[in-house]
Amino acid sequence: TMKFKPNGSWVVLPDPTITETEAGIILDEATSIANAKRSNLLEVMAIGPMCTFAEVGDTVMVDPRTEAVKSRINDKDYLIVGEHQLLGKW
């Protein structure tokens, strides 16, 4: 369970960037493979108090071109996006 609570209508999502290959090779951010392998279907990890659409545990679709705040929380990488940047949910 994530203890971090975003402010306003911000949503915390896991960072989908692939940083390690299946063979265990660690990729740096400049590696084109790391930037090419992304998913835009992500699970909501935390929401701000003003969120009206998304709930924790929802699977949401985010436009892959969306700019996000990349943060390290509890030794894991996450993206923080505005709720208005979510295209839909399951």
# chains A, B, ... in the order shown; residues from 1 in each chain; ligands from 1

$ select_by_dssp --residues "stretch 31-74 of chain A" --states "strand (DSSP E)" --output "list in words"
Leu41, Leu42, Glu43, Ala46, Ile47, Thr59, Val60, Met61, Val62, Val69, Lys70, Ser71, Arg72 and Ile73 of chain A

$ write_last_selection --atoms "N, CA, C and O atoms" --output "CSV table (one decimal), in the first residue's frame"
chain,number,residue,atom,x,y,z
A,41,LEU,N,-1.3,1.4,-20.6
A,41,LEU,CA,-2.3,0.8,-19.7
A,41,LEU,C,-1.7,0.6,-18.4
A,41,LEU,O,-0.8,-0.3,-18.3
A,42,LEU,N,-2.1,1.3,-17.4
A,42,LEU,CA,-1.4,1.3,-16.1
A,42,LEU,C,-2.4,1.3,-14.9
A,42,LEU,O,-3.5,1.8,-15.1
A,43,GLU,N,-1.9,0.7,-13.8
A,43,GLU,CA,-2.8,0.6,-12.6
A,43,GLU,C,-2.6,1.9,-11.8
A,43,GLU,O,-1.4,2.3,-11.5
A,46,ALA,N,-2.2,5.7,-6.5
A,46,ALA,CA,-2.7,6.7,-5.6
A,46,ALA,C,-3.4,7.8,-6.3
A,46,ALA,O,-3.0,8.1,-7.5
A,47,ILE,N,-4.3,8.5,-5.6
A,47,ILE,CA,-5.0,9.6,-6.3
A,47,ILE,C,-5.1,10.8,-5.3
A,47,ILE,O,-5.1,10.5,-4.0
A,59,THR,N,-7.4,0.3,-13.8
A,59,THR,CA,-6.5,0.2,-14.9
A,59,THR,C,-6.9,1.4,-15.9
A,59,THR,O,-8.1,1.4,-16.3
A,60,VAL,N,-6.0,2.3,-16.1
A,60,VAL,CA,-6.3,3.5,-16.9
A,60,VAL,C,-5.4,3.5,-18.2
A,60,VAL,O,-4.4,2.9,-18.3
A,61,MET,N,-6.0,4.2,-19.2
A,61,MET,CA,-5.2,4.4,-20.4
A,61,MET,C,-4.7,5.9,-20.4
A,61,MET,O,-5.5,6.8,-20.2
A,62,VAL,N,-3.4,6.0,-20.7
A,62,VAL,CA,-2.8,7.3,-20.7
A,62,VAL,C,-2.2,7.5,-22.1
A,62,VAL,O,-1.6,6.6,-22.7
A,69,VAL,N,5.5,13.8,-14.3
A,69,VAL,CA,6.5,14.0,-13.3
A,69,VAL,C,7.0,12.6,-12.9
A,69,VAL,O,6.2,11.8,-12.5
A,70,LYS,N,8.3,12.4,-13.1
A,70,LYS,CA,8.8,11.1,-12.8
A,70,LYS,C,9.4,11.2,-11.4
A,70,LYS,O,10.2,12.1,-11.1
A,71,SER,N,9.0,10.3,-10.5
A,71,SER,CA,9.4,10.3,-9.1
A,71,SER,C,9.8,9.0,-8.6
A,71,SER,O,9.2,8.0,-9.0
A,72,ARG,N,10.7,9.0,-7.6
A,72,ARG,CA,11.1,7.7,-7.0
A,72,ARG,C,10.4,7.7,-5.6
A,72,ARG,O,10.7,8.6,-4.8
A,73,ILE,N,9.6,6.8,-5.3
A,73,ILE,CA,8.9,6.7,-4.1
A,73,ILE,C,9.1,5.3,-3.5
A,73,ILE,O,8.8,4.3,-4.2

$ closest_residue --among "A:Met2, A:Leu87, A:Val11, A:Ile80" --to "A:Pro49" --atoms "only C-alpha atoms"
A:Val11

$ residues_around --residues "A:Met45" --least-positions-apart "6" --cutoff "7 Å" --atoms "only C-alpha atoms" --output "ChimeraX atom specification"
/A:2,12-13,56-57

$ closest_residue --among "A:Glu83, A:Asn74, A:Val44, A:Ser39" --to "A:Pro16" --atoms "only C-alpha atoms"
A:Ser39

$ atom_distance --atom1 "atom CA of A:Cys51" --atom2 "atom CA of A:Thr66"
17.9 Å

$ atom_distance --atom1 "atom CA of A:Gly82" --atom2 "atom CA of A:Asp15"
14.7 Å

$ closest_residue --among "A:Thr17, A:Lys5, A:Pro64, A:Phe53" --to "A:His84" --atoms "only C-alpha atoms"
A:Phe53

$ atom_distance --atom1 "atom CA of A:Pro6" --atom2 "atom CA of A:Met50"
9.7 Å

$ closest_residue --among "A:Ser9, A:Ala23, A:Gln85, A:Phe4" --to "A:Glu67" --atoms "only C-alpha atoms"
A:Gln85
